[in-house]
file upload-v8.pdb (PDB, C-alpha atoms)
MODEL        1
ATOM      1  CA  MET A   1      98.456  98.191 108.878
ATOM      2  CA  LYS A   2      96.937 101.083 110.723
ATOM      3  CA  ASN A   3      95.701 104.254 109.134
ATOM      4  CA  LYS A   4      92.910 106.683 109.806
ATOM      5  CA  TYR A   5      90.342 108.444 107.678
ATOM      6  CA  LEU A   6      92.009 111.767 107.042
ATOM      7  CA  SER A   7      90.121 115.006 106.619
ATOM      8  CA  ARG A   8      90.489 117.000 103.422
ATOM      9  CA  ALA A   9      92.877 119.437 105.099
ATOM     10  CA  GLU A  10      94.957 116.561 106.500
ATOM     11  CA  LYS A  11      95.162 114.947 103.068
ATOM     12  CA  GLU A  12      96.344 118.184 101.471
ATOM     13  CA  TYR A  13      98.925 118.703 104.216
ATOM     14  CA  GLY A  14     100.068 115.091 103.998
ATOM     15  CA  SER A  15     100.302 115.286 100.197
ATOM     16  CA  ARG A  16     102.630 118.286 100.375
ATOM     17  CA  LEU A  17     104.835 116.465 102.883
ATOM     18  CA  PHE A  18     104.899 113.322 100.750
ATOM     19  CA  LEU A  19     106.001 115.324  97.701
ATOM     20  CA  LYS A  20     108.869 116.797  99.726
ATOM     21  CA  HIS A  21     109.736 113.266 100.809
ATOM     22  CA  CYS A  22     109.868 112.164  97.156
ATOM     23  CA  THR A  23     112.193 115.046  96.257
ATOM     24  CA  PHE A  24     114.751 114.186  98.930
ATOM     25  CA  ASN A  25     114.242 110.481  98.339
ATOM     26  CA  GLY A  26     115.296 110.929  94.729
ATOM     27  CA  PHE A  27     118.537 112.500  95.914
ATOM     28  CA  GLY A  28     119.045 109.857  98.588
ATOM     29  CA  ILE A  29     118.592 106.726  96.497
ATOM     30  CA  SER A  30     120.847 108.067  93.729
ATOM     31  CA  PHE A  31     123.735 108.530  96.168
ATOM     32  CA  LEU A  32     123.066 105.320  98.096
ATOM     33  CA  GLY A  33     121.881 103.001  95.331
ATOM     34  CA  ASP A  34     123.591 100.518  93.083
ATOM     35  CA  THR A  35     125.763 102.898  90.997
ATOM     36  CA  LEU A  36     127.964 104.092  93.862
ATOM     37  CA  VAL A  37     127.911 100.642  95.420
ATOM     38  CA  PHE A  38     129.219  99.273  92.117
ATOM     39  CA  LEU A  39     132.023 101.837  92.108
ATOM     40  CA  MET A  40     133.019 101.078  95.692
ATOM     41  CA  ALA A  41     133.032  97.333  95.008
ATOM     42  CA  ILE A  42     135.121  97.803  91.851
ATOM     43  CA  TYR A  43     137.537 100.012  93.800
ATOM     44  CA  PHE A  44     138.246  97.080  96.134
ATOM     45  CA  GLY A  45     138.514  94.549  93.311
ATOM     46  CA  ALA A  46     135.097  92.869  93.208
ATOM     47  CA  SER A  47     134.657  89.928  90.856
ATOM     48  CA  ASN A  48     132.044  89.688  88.097
ATOM     49  CA  ILE A  49     129.895  87.411  90.248
ATOM     50  CA  GLN A  50     129.976  89.910  93.105
ATOM     51  CA  LEU A  51     129.041  92.759  90.741
ATOM     52  CA  GLY A  52     126.207  90.627  89.397
ATOM     53  CA  TYR A  53     124.960  90.122  92.933
ATOM     54  CA  ILE A  54     124.913  93.888  93.482
ATOM     55  CA  SER A  55     122.826  94.400  90.340
ATOM     56  CA  SER A  56     120.270  91.770  91.359
ATOM     57  CA  VAL A  57     119.999  91.946  95.152
ATOM     58  CA  MET A  58     117.559  94.874  95.090
ATOM     59  CA  HIS A  59     115.137  92.659  93.155
ATOM     60  CA  MET A  60     115.908  89.465  95.071
ATOM     61  CA  SER A  61     115.128  91.229  98.346
ATOM     62  CA  GLY A  62     111.501  91.247  97.198
ATOM     63  CA  ILE A  63     111.244  87.691  98.526
ATOM     64  CA  ILE A  64     110.415  89.160 101.926
ATOM     65  CA  LEU A  65     107.118  90.435 100.479
ATOM     66  CA  VAL A  66     105.801  86.928 101.125
ATOM     67  CA  ILE A  67     105.961  87.437 104.903
ATOM     68  CA  LEU A  68     105.502  91.208 105.119
ATOM     69  CA  PRO A  69     101.669  91.138 105.467
ATOM     70  CA  SER A  70     101.917  89.121 108.685
ATOM     71  CA  LEU A  71     104.879  91.134 109.980
ATOM     72  CA  LEU A  72     103.215  94.515 109.380
ATOM     73  CA  SER A  73      99.704  93.591 110.498
ATOM     74  CA  GLY A  74      98.331  96.237 112.852
ATOM     75  CA  ILE A  75     101.282  98.615 112.441
ATOM     76  CA  ASN A  76     101.044 102.267 111.439
ATOM     77  CA  ILE A  77     102.131 102.324 107.783
ATOM     78  CA  ILE A  78     103.717 105.772 108.095
ATOM     79  CA  LYS A  79     105.959 104.522 110.893
ATOM     80  CA  VAL A  80     106.910 101.474 108.837
ATOM     81  CA  GLN A  81     108.307 103.520 105.952
ATOM     82  CA  TYR A  82     109.785 106.170 108.256
ATOM     83  CA  ARG A  83     111.737 103.574 110.248
ATOM     84  CA  ALA A  84     112.747 101.700 107.104
ATOM     85  CA  TRP A  85     114.177 104.901 105.621
ATOM     86  CA  LEU A  86     115.997 105.773 108.848
ATOM     87  CA  LEU A  87     117.474 102.289 108.959
ATOM     88  CA  ARG A  88     118.718 102.695 105.385
ATOM     89  CA  GLY A  89     120.673 105.775 106.384
ATOM     90  CA  LEU A  90     122.091 104.174 109.527
ATOM     91  CA  LEU A  91     123.274 101.165 107.545
ATOM     92  CA  CYS A  92     125.031 103.386 105.016
ATOM     93  CA  LEU A  93     126.978 105.096 107.807
ATOM     94  CA  LEU A  94     128.835 101.800 108.130
ATOM     95  CA  TYR A  95     130.482 102.450 104.761
ATOM     96  CA  GLY A  96     132.808 104.770 106.667
ATOM     97  CA  LEU A  97     134.550 101.670 108.025
ATOM     98  CA  LEU A  98     135.870 100.982 104.518
ATOM     99  CA  PHE A  99     138.796 103.273 105.349
ATOM    100  CA  PHE A 100     140.050 100.455 107.584
ATOM    101  CA  LEU A 101     139.349  97.531 105.241
ATOM    102  CA  SER A 102     140.837  96.283 102.007
ATOM    103  CA  GLY A 103     140.494  93.610  99.328
ATOM    104  CA  GLN A 104     137.843  90.921  99.544
ATOM    105  CA  THR A 105     137.095  91.785 103.168
ATOM    106  CA  ALA A 106     135.930  95.220 102.032
ATOM    107  CA  VAL A 107     133.928  93.780  99.121
ATOM    108  CA  ILE A 108     132.075  91.299 101.340
ATOM    109  CA  PHE A 109     131.420  94.100 103.823
ATOM    110  CA  ILE A 110     129.918  96.211 101.023
ATOM    111  CA  LEU A 111     127.741  93.307  99.852
ATOM    112  CA  ALA A 112     126.444  92.703 103.389
ATOM    113  CA  ILE A 113     125.550  96.362 103.959
ATOM    114  CA  TYR A 114     123.887  96.711 100.567
ATOM    115  CA  THR A 115     121.851  93.539 101.130
ATOM    116  CA  MET A 116     120.506  94.894 104.426
ATOM    117  CA  PHE A 117     119.888  98.257 102.723
ATOM    118  CA  CYS A 118     117.750  96.559 100.043
ATOM    119  CA  VAL A 119     115.758  94.593 102.623
ATOM    120  CA  ALA A 120     115.052  97.776 104.619
ATOM    121  CA  ARG A 121     114.046  99.511 101.390
ATOM    122  CA  MET A 122     111.585  96.719 100.600
ATOM    123  CA  PHE A 123     109.800  97.272 103.928
ATOM    124  CA  GLY A 124     109.232 100.896 102.965
ATOM    125  CA  MET A 125     108.278 100.187  99.352
ATOM    126  CA  ALA A 126     105.638  97.687 100.490
ATOM    127  CA  VAL A 127     103.623 100.474 102.145
ATOM    128  CA  ALA A 128     104.428 103.338  99.750
ATOM    129  CA  GLU A 129     101.377 102.807  97.541
ATOM    130  CA  PRO A 130      98.885 102.507 100.460
ATOM    131  CA  ILE A 131     100.275 105.788 101.810
ATOM    132  CA  GLN A 132      99.707 107.460  98.457
ATOM    133  CA  GLN A 133      96.149 106.129  98.343
ATOM    134  CA  MET A 134      95.533 107.386 101.868
ATOM    135  CA  LEU A 135      96.557 110.915 100.852
ATOM    136  CA  THR A 136      94.544 111.150  97.617
ATOM    137  CA  THR A 137      90.996 111.042  96.342
ATOM    138  CA  PRO A 138      89.821 109.542  93.034
ATOM    139  CA  SER A 139      89.601 113.044  91.576
ATOM    140  CA  ASN A 140      93.258 114.005  92.080
ATOM    141  CA  VAL A 141      95.116 110.684  92.124
ATOM    142  CA  GLY A 142      96.442 111.164  88.577
ATOM    143  CA  GLU A 143      97.794 114.624  89.278
ATOM    144  CA  PHE A 144      99.362 113.440  92.534
ATOM    145  CA  VAL A 145     101.116 110.450  90.937
ATOM    146  CA  ILE A 146     102.489 112.639  88.134
ATOM    147  CA  SER A 147     103.810 115.140  90.690
ATOM    148  CA  ILE A 148     105.510 112.326  92.607
ATOM    149  CA  THR A 149     107.140 110.981  89.435
ATOM    150  CA  ASN A 150     108.309 114.412  88.270
ATOM    151  CA  ARG A 151     109.863 115.348  91.615
ATOM    152  CA  PHE A 152     111.543 111.991  92.086
ATOM    153  CA  HIS A 153     113.114 111.793  88.624
ATOM    154  CA  PHE A 154     114.122 115.462  88.506
ATOM    155  CA  SER A 155     115.945 115.138  91.842
ATOM    156  CA  ARG A 156     117.621 111.933  90.608
ATOM    157  CA  LEU A 157     118.792 113.701  87.458
ATOM    158  CA  LEU A 158     120.215 116.557  89.504
ATOM    159  CA  SER A 159     121.906 114.142  91.908
ATOM    160  CA  TYR A 160     123.630 112.328  89.027
ATOM    161  CA  PHE A 161     125.054 115.637  87.861
ATOM    162  CA  ILE A 162     126.273 116.461  91.388
ATOM    163  CA  SER A 163     127.883 113.037  91.810
ATOM    164  CA  PHE A 164     129.591 113.493  88.421
ATOM    165  CA  LEU A 165     131.056 116.795  89.608
ATOM    166  CA  ILE A 166     132.253 115.310  92.912
ATOM    167  CA  LEU A 167     133.923 112.299  91.347
ATOM    168  CA  SER A 168     135.498 114.452  88.615
ATOM    169  CA  ILE A 169     137.492 116.520  91.123
ATOM    170  CA  LYS A 170     141.004 115.143  91.384
ATOM    171  CA  ILE A 171     141.375 115.573  95.149
ATOM    172  CA  PHE A 172     138.224 113.475  95.653
ATOM    173  CA  ALA A 173     139.393 110.636  93.423
ATOM    174  CA  GLY A 174     138.960 107.136  94.798
ATOM    175  CA  LEU A 175     137.318 106.164  98.066
ATOM    176  CA  PRO A 176     137.109 109.682  99.632
ATOM    177  CA  GLY A 177     134.952 110.989  96.778
ATOM    178  CA  LEU A 178     132.695 107.921  96.883
ATOM    179  CA  LEU A 179     132.133 108.253 100.622
ATOM    180  CA  ILE A 180     131.440 111.992 100.296
ATOM    181  CA  ALA A 181     128.695 111.124  97.809
ATOM    182  CA  VAL A 182     127.344 108.480 100.203
ATOM    183  CA  PHE A 183     127.301 111.028 103.037
ATOM    184  CA  ILE A 184     125.295 113.436 100.867
ATOM    185  CA  GLY A 185     122.884 110.581 100.201
ATOM    186  CA  ILE A 186     122.522 109.868 103.917
ATOM    187  CA  ILE A 187     121.620 113.514 104.594
ATOM    188  CA  ASN A 188     118.957 113.530 101.885
ATOM    189  CA  ASN A 189     117.648 110.137 102.982
ATOM    190  CA  THR A 190     117.269 111.452 106.551
ATOM    191  CA  LEU A 191     115.362 114.509 105.295
ATOM    192  CA  ALA A 192     113.084 112.201 103.290
ATOM    193  CA  ALA A 193     112.388 110.193 106.461
ATOM    194  CA  TYR A 194     111.758 113.403 108.424
ATOM    195  CA  TYR A 195     108.992 114.526 106.054
ATOM    196  CA  LEU A 196     107.483 111.051 106.151
ATOM    197  CA  LYS A 197     107.251 111.156 109.926
ATOM    198  CA  LYS A 198     105.221 114.375 109.824
ATOM    199  CA  ILE A 199     102.462 112.889 107.647
ATOM    200  CA  PRO A 200      99.304 112.436 109.771
ATOM    201  CA  ALA A 201      98.310 108.804 110.262
ATOM    202  CA  THR A 202      96.745 106.855 113.109
ATOM    203  CA  ILE A 203      94.007 104.292 113.593
ATOM    204  CA  GLY A 204      90.328 105.211 113.328
ATOM    205  CA  SER A 205      86.863 103.662 113.145
ATOM    206  CA  LEU A 206      84.037 103.842 110.636
ATOM    207  CA  GLU A 207      82.247 106.281 112.923
ATOM    208  CA  GLN A 208      85.326 108.500 112.930
ATOM    209  CA  ARG A 209      85.440 108.338 109.141
ATOM    210  CA  ILE A 210      81.840 109.569 108.958
ATOM    211  CA  LYS A 211      82.515 112.369 111.447
ATOM    212  CA  THR A 212      85.560 113.466 109.466
ATOM    213  CA  LEU A 213      83.622 113.534 106.198
ATOM    214  CA  GLN A 214      80.753 115.410 107.835
ATOM    215  CA  ARG A 215      83.236 117.962 109.140
ATOM    216  CA  ASP A 216      84.617 118.410 105.639
ATOM    217  CA  THR A 217      81.199 118.844 104.028
ATOM    218  CA  SER A 218      80.082 121.331 106.655
ATOM    219  CA  ALA A 219      83.054 123.627 106.055
ATOM    220  CA  ASP A 220      82.120 127.108 104.846
ATOM    221  CA  ASP A 221      84.091 126.846 101.615
ATOM    222  CA  PHE A 222      83.199 123.264 100.752
ATOM    223  CA  TYR A 223      80.422 123.965  98.242
ATOM    224  CA  ASN A 224      82.396 126.805  96.707
ATOM    225  CA  GLN A 225      84.869 124.288  95.317
ATOM    226  CA  PRO A 226      84.629 122.652  91.873
ATOM    227  CA  TYR A 227      82.239 119.743  91.438
ATOM    228  CA  GLU A 228      85.052 117.257  90.767
ATOM    229  CA  LYS A 229      86.440 117.922  94.263
ATOM    230  CA  THR A 230      83.203 117.982  96.262
ATOM    231  CA  GLN A 231      81.352 115.071  94.652
ATOM    232  CA  PRO A 232      83.891 112.350  95.608
ATOM    233  CA  VAL A 233      83.668 113.482  99.235
ATOM    234  CA  LEU A 234      79.862 113.332  99.166
ATOM    235  CA  ASP A 235      79.970 109.903  97.512
ATOM    236  CA  GLU A 236      82.408 108.657 100.153
ATOM    237  CA  LEU A 237      80.158 109.943 102.933
ATOM    238  CA  GLN A 238      77.153 108.174 101.431
ATOM    239  CA  GLN A 239      79.105 104.939 101.078
ATOM    240  CA  ALA A 240      80.292 105.176 104.690
ATOM    241  CA  HIS A 241      76.682 105.485 105.888
ATOM    242  CA  VAL A 242      75.756 102.403 103.825
ATOM    243  CA  GLU A 243      78.651 100.437 105.360
ATOM    244  CA  LEU A 244      77.629 101.506 108.867
ATOM    245  CA  GLU A 245      74.019 100.495 108.235
ATOM    246  CA  LYS A 246      75.086  97.062 106.980
ATOM    247  CA  MET A 247      77.361  96.620 109.979
ATOM    248  CA  THR A 248      74.561  97.590 112.366
ATOM    249  CA  LYS A 249      72.222  95.001 110.815
ATOM    250  CA  THR A 250      74.925  92.335 111.037
ATOM    251  CA  THR A 251      75.465  93.101 114.697
ATOM    252  CA  ALA A 252      71.734  92.884 115.422
ATOM    253  CA  CYS A 253      71.387  89.487 113.704
ATOM    254  CA  HIS A 254      74.665  87.937 114.870
ATOM    255  CA  PRO A 255      75.853  89.754 117.990
ATOM    256  CA  LYS A 256      78.552  87.201 118.794
ATOM    257  CA  LYS A 257      80.001  87.200 115.264
ATOM    258  CA  ALA A 258      79.861  90.919 114.650
ATOM    259  CA  PRO A 259      83.102  92.424 113.378
ATOM    260  CA  ILE A 260      85.202  94.261 115.912
ATOM    261  CA  ILE A 261      85.831  97.844 114.855
ATOM    262  CA  PRO A 262      89.013  99.275 116.370
ATOM    263  CA  ASN A 263      88.486 102.644 117.993
ATOM    264  CA  LYS A 264      91.727 103.724 119.613
TER     265      LYS A 264
ENDMDL
END
call {"tool": "encode", "arguments": {"input": "upload-v8.pdb", "output": "C-alpha cells"}}
result
Amino acid sequence: MKNKYLSRAEKEYGSRLFLKHCTFNGFGISFLGDTLVFLMAIYFGASNIQLGYISSVMHMSGIILVILPSLLSGINIIKVQYRAWLLRGLLCLLYGLLFFLSGQTAVIFILAIYTMFCVARMFGMAVAEPIQQMLTTPSNVGEFVISITNRFHFSRLLSYFISFLILSIKIFAGLPGLLIAVFIGIINNTLAAYYLKKIPATIGSLEQRIKTLQRDTSADDFYNQPYEKTQPVLDELQQAHVELEKMTKTTACHPKKAPIIPNK
C-alpha cells in the first residue's frame, strides 16, 4: 500500500478533509446500511432466514481480509478507499430497479446488492486506520480519533431523525420513501468519497521523508509552537536519520541484498 511522508501542512490539510469525509460518511452509511435494507426486504416479504442474512453479511464479508494484503500490495491506500466508497454508491443506485421487481425476486436482488455493498465497504475499512495514522502524529492522535468519532456519530444521529421524518410522511409510505432515503445516502456517500480523493497521498522514499521533516523544522513558525507539537517532529527526523544510516551500512556490506527503496 503506497503512501508518502506528509509534511505538517499536508497532514493538517488531510486531517480536515478526513473529518469532512467522516461527517458525510455517517450520513451515507445510515441511509445505505442494514436498517433501510431490512425495511426494503420486509416490504417485499423476506423470510426470517433472509433477514438474518442481512444482519450478518456485513460481518461475514470480513472473510476477504484474508486476501486483501496481497490484493492491495503496492496500491495507493487513499485510492483504495475512494474507489470502494464510489462503488458502494454505484451499487446502491441499482435499488431503483426495485420498482420493476416483486416478491422473492426483489428480495434476492436486495440481498445480492447488499452483499456486494458490504464487500466494497470492507475494502475501504481495511485501509481506514492506516490513513488515520498517516494523517496524525503521536501528539494529536487522541484528539483526532475523538473528533472522528464525534462527527461520525452526530451525523448518524441526525440522519436517523431525517429518515424518521421521511418515512413518517404519508405520501412517501412504502417503497418510494425508502428509495428517497437511499438516494439521500448515495449523495452523502459520494461527498464522503470526494473528500477522500482530495487527501494528499503518493509514494515516497526515506530520503524524501527526511527532506519533508527538514522542511517542517526549518519553517519560521516551527519553534514558536508548543513543545508537544515540535518534539515529535524532531524525534521523527532523528529516527529517520538513524534508519538511513543503518540502510547505508547494509548497502555497503551487502550490495546485492540491499533493500530497494521506491522513489517514484
call {"tool": "resolve_selection", "arguments": {"input": "upload-v8.pdb", "expression": "the PyMOL selection byres ((chain A and resi 136) around 10)", "output": "mmCIF file with C-alpha atoms, in the frame of the given file"}}
result
data_model
loop_
_atom_site.group_PDB
_atom_site.id
_atom_site.type_symbol
_atom_site.label_atom_id
_atom_site.label_comp_id
_atom_site.auth_asym_id
_atom_site.auth_seq_id
_atom_site.Cartn_x
_atom_site.Cartn_y
_atom_site.Cartn_z
ATOM 1 C CA LEU A 6 92.009 111.767 107.042
ATOM 2 C CA ARG A 8 90.489 117.000 103.422
ATOM 3 C CA LYS A 11 95.162 114.947 103.068
ATOM 4 C CA GLU A 12 96.344 118.184 101.471
ATOM 5 C CA GLY A 14 100.068 115.091 103.998
ATOM 6 C CA SER A 15 100.302 115.286 100.197
ATOM 7 C CA ILE A 131 100.275 105.788 101.810
ATOM 8 C CA GLN A 132 99.707 107.460 98.457
ATOM 9 C CA GLN A 133 96.149 106.129 98.343
ATOM 10 C CA MET A 134 95.533 107.386 101.868
ATOM 11 C CA LEU A 135 96.557 110.915 100.852
ATOM 12 C CA THR A 137 90.996 111.042 96.342
ATOM 13 C CA PRO A 138 89.821 109.542 93.034
ATOM 14 C CA SER A 139 89.601 113.044 91.576
ATOM 15 C CA ASN A 140 93.258 114.005 92.080
ATOM 16 C CA VAL A 141 95.116 110.684 92.124
ATOM 17 C CA GLY A 142 96.442 111.164 88.577
ATOM 18 C CA GLU A 143 97.794 114.624 89.278
ATOM 19 C CA PHE A 144 99.362 113.440 92.534
ATOM 20 C CA VAL A 145 101.116 110.450 90.937
#
call {"tool": "residues_around", "arguments": {"input": "upload-v8.pdb", "residues": "segment 21-37 of chain A", "least_positions_apart": "2", "cutoff": "8 Å", "atoms": "all atoms listed in the file", "output": "mmCIF file with C-alpha atoms, keeping the file's coordinate frame"}}
result
data_model
loop_
_atom_site.group_PDB
_atom_site.id
_atom_site.type_symbol
_atom_site.label_atom_id
_atom_site.label_comp_id
_atom_site.auth_asym_id
_atom_site.auth_seq_id
_atom_site.Cartn_x
_atom_site.Cartn_y
_atom_site.Cartn_z
ATOM 1 C CA LEU A 17 104.835 116.465 102.883
ATOM 2 C CA PHE A 18 104.899 113.322 100.750
ATOM 3 C CA LEU A 19 106.001 115.324 97.701
ATOM 4 C CA LEU A 39 132.023 101.837 92.108
ATOM 5 C CA MET A 40 133.019 101.078 95.692
ATOM 6 C CA ALA A 41 133.032 97.333 95.008
ATOM 7 C CA ILE A 54 124.913 93.888 93.482
ATOM 8 C CA SER A 55 122.826 94.400 90.340
ATOM 9 C CA CYS A 92 125.031 103.386 105.016
ATOM 10 C CA ILE A 110 129.918 96.211 101.023
ATOM 11 C CA TYR A 114 123.887 96.711 100.567
ATOM 12 C CA ILE A 148 105.510 112.326 92.607
ATOM 13 C CA ARG A 151 109.863 115.348 91.615
ATOM 14 C CA PHE A 152 111.543 111.991 92.086
ATOM 15 C CA HIS A 153 113.114 111.793 88.624
ATOM 16 C CA PHE A 154 114.122 115.462 88.506
ATOM 17 C CA SER A 155 115.945 115.138 91.842
ATOM 18 C CA ARG A 156 117.621 111.933 90.608
ATOM 19 C CA LEU A 158 120.215 116.557 89.504
ATOM 20 C CA SER A 159 121.906 114.142 91.908
ATOM 21 C CA TYR A 160 123.630 112.328 89.027
ATOM 22 C CA SER A 163 127.883 113.037 91.810
ATOM 23 C CA LEU A 178 132.695 107.921 96.883
ATOM 24 C CA ALA A 181 128.695 111.124 97.809
ATOM 25 C CA VAL A 182 127.344 108.480 100.203
ATOM 26 C CA ILE A 184 125.295 113.436 100.867
ATOM 27 C CA GLY A 185 122.884 110.581 100.201
ATOM 28 C CA ILE A 186 122.522 109.868 103.917
ATOM 29 C CA ILE A 187 121.620 113.514 104.594
ATOM 30 C CA ASN A 188 118.957 113.530 101.885
ATOM 31 C CA ASN A 189 117.648 110.137 102.982
ATOM 32 C CA LEU A 191 115.362 114.509 105.295
ATOM 33 C CA ALA A 192 113.084 112.201 103.290
ATOM 34 C CA ALA A 193 112.388 110.193 106.461
ATOM 35 C CA TYR A 194 111.758 113.403 108.424
ATOM 36 C CA TYR A 195 108.992 114.526 106.054
ATOM 37 C CA LEU A 196 107.483 111.051 106.151
#
call {"tool": "atom_distance", "arguments": {"input": "upload-v8.pdb", "atom1": "atom CA of Leu72 of chain A", "atom2": "atom CA of Phe123 of chain A"}}
result
9.0 Å
call {"tool": "atom_distance", "arguments": {"input": "upload-v8.pdb", "atom1": "atom CA of Gly52 of chain A", "atom2": "atom CA of Leu94 of chain A"}}
result
22.0 Å
call {"tool": "resolve_selection", "arguments": {"input": "upload-v8.pdb", "expression": "the PyMOL selection byres ((chain A and resi 103) around 12)", "output": "CSV table (one decimal) with C-alpha atoms, in the coordinates of the input"}}
result
chain,number,residue,atom,x,y,z
A,40,MET,CA,133.0,101.1,95.7
A,41,ALA,CA,133.0,97.3,95.0
A,42,ILE,CA,135.1,97.8,91.9
A,43,TYR,CA,137.5,100.0,93.8
A,44,PHE,CA,138.2,97.1,96.1
A,45,GLY,CA,138.5,94.5,93.3
A,46,ALA,CA,135.1,92.9,93.2
A,47,SER,CA,134.7,89.9,90.9
A,98,LEU,CA,135.9,101.0,104.5
A,99,PHE,CA,138.8,103.3,105.3
A,100,PHE,CA,140.0,100.5,107.6
A,101,LEU,CA,139.3,97.5,105.2
A,102,SER,CA,140.8,96.3,102.0
A,104,GLN,CA,137.8,90.9,99.5
A,105,THR,CA,137.1,91.8,103.2
A,106,ALA,CA,135.9,95.2,102.0
A,107,VAL,CA,133.9,93.8,99.1
A,108,ILE,CA,132.1,91.3,101.3
A,109,PHE,CA,131.4,94.1,103.8
A,110,ILE,CA,129.9,96.2,101.0
call {"tool": "atom_distance", "arguments": {"input": "upload-v8.pdb", "atom1": "atom CA of Gln50 of chain A", "atom2": "atom CA of Ile113 of chain A"}}
result
13.4 Å
call {"tool": "axis_aligned_box", "arguments": {"input": "upload-v8.pdb", "around": "segment 148-151 of chain A", "padding_each_side": "6 Å", "output": "lines of an AutoDock Vina configuration file"}}
result
center_x = 107.7
center_y = 113.2
center_z = 90.4
size_x = 16.4
size_y = 16.4
size_z = 16.3
call {"tool": "resolve_selection", "arguments": {"input": "upload-v8.pdb", "expression": "the PyMOL selection byres ((chain A and resi 61) around 12)", "output": "list in words"}}
result
Tyr53, Ile54, Ser55, Ser56, Val57, Met58, His59, Met60, Gly62, Ile63, Ile64, Leu65, Val66, Ile67, Leu68, Tyr114, Thr115, Met116, Phe117, Cys118, Val119, Ala120, Arg121, Met122, Phe123, Met125 and Ala126 of chain A
call {"tool": "closest_residue", "arguments": {"input": "upload-v8.pdb", "among": "A:Thr190, A:Val127, A:Ile171, A:Leu111", "to": "Arg88 of chain A", "atoms": "all atoms listed in the file"}}
result
A:Thr190
call {"tool": "decode", "arguments": {"input": "upload-v8.pdb", "residues": "segment 28-64 of chain A", "atoms": "C-alpha atoms", "output": "PDB file, in the first residue's frame"}}
result
ATOM      1  CA  GLY A  28     -24.260   7.843   3.982  1.00  0.00           C
ATOM      2  CA  ILE A  29     -23.984   4.603   5.934  1.00  0.00           C
ATOM      3  CA  SER A  30     -27.143   5.361   7.930  1.00  0.00           C
ATOM      4  CA  PHE A  31     -29.200   5.690   4.741  1.00  0.00           C
ATOM      5  CA  LEU A  32     -27.500   2.800   2.944  1.00  0.00           C
ATOM      6  CA  GLY A  33     -26.861   0.388   5.809  1.00  0.00           C
ATOM      7  CA  ASP A  34     -28.767  -2.504   7.270  1.00  0.00           C
ATOM      8  CA  THR A  35     -31.803  -0.643   8.703  1.00  0.00           C
ATOM      9  CA  LEU A  36     -33.196   0.538   5.364  1.00  0.00           C
ATOM     10  CA  VAL A  37     -32.151  -2.704   3.713  1.00  0.00           C
ATOM     11  CA  PHE A  38     -34.166  -4.552   6.362  1.00  0.00           C
ATOM     12  CA  LEU A  39     -37.200  -2.383   5.637  1.00  0.00           C
ATOM     13  CA  MET A  40     -36.943  -2.903   1.885  1.00  0.00           C
ATOM     14  CA  ALA A  41     -36.589  -6.668   2.323  1.00  0.00           C
ATOM     15  CA  ILE A  42     -39.577  -6.786   4.693  1.00  0.00           C
ATOM     16  CA  TYR A  43     -41.603  -4.723   2.212  1.00  0.00           C
ATOM     17  CA  PHE A  44     -41.121  -7.474  -0.385  1.00  0.00           C
ATOM     18  CA  GLY A  45     -41.834 -10.288   2.069  1.00  0.00           C
ATOM     19  CA  ALA A  46     -38.392 -11.517   3.140  1.00  0.00           C
ATOM     20  CA  SER A  47     -38.235 -14.597   5.346  1.00  0.00           C
ATOM     21  CA  ASN A  48     -36.569 -14.773   8.765  1.00  0.00           C
ATOM     22  CA  ILE A  49     -33.551 -16.529   7.269  1.00  0.00           C
ATOM     23  CA  GLN A  50     -33.150 -13.790   4.672  1.00  0.00           C
ATOM     24  CA  LEU A  51     -33.417 -11.093   7.363  1.00  0.00           C
ATOM     25  CA  GLY A  52     -30.827 -12.968   9.404  1.00  0.00           C
ATOM     26  CA  TYR A  53     -28.512 -12.953   6.412  1.00  0.00           C
ATOM     27  CA  ILE A  54     -28.879  -9.177   6.113  1.00  0.00           C
ATOM     28  CA  SER A  55     -27.937  -8.717   9.773  1.00  0.00           C
ATOM     29  CA  SER A  56     -24.822 -10.882   9.458  1.00  0.00           C
ATOM     30  CA  VAL A  57     -23.453 -10.295   5.955  1.00  0.00           C
ATOM     31  CA  MET A  58     -21.622  -7.100   6.937  1.00  0.00           C
ATOM     32  CA  HIS A  59     -19.586  -9.167   9.405  1.00  0.00           C
ATOM     33  CA  MET A  60     -19.247 -12.227   7.171  1.00  0.00           C
ATOM     34  CA  SER A  61     -17.798 -10.059   4.405  1.00  0.00           C
ATOM     35  CA  GLY A  62     -14.732  -9.690   6.626  1.00  0.00           C
ATOM     36  CA  ILE A  63     -13.547 -13.034   5.251  1.00  0.00           C
ATOM     37  CA  ILE A  64     -11.968 -11.139   2.365  1.00  0.00           C
TER      38      ILE A  64
END
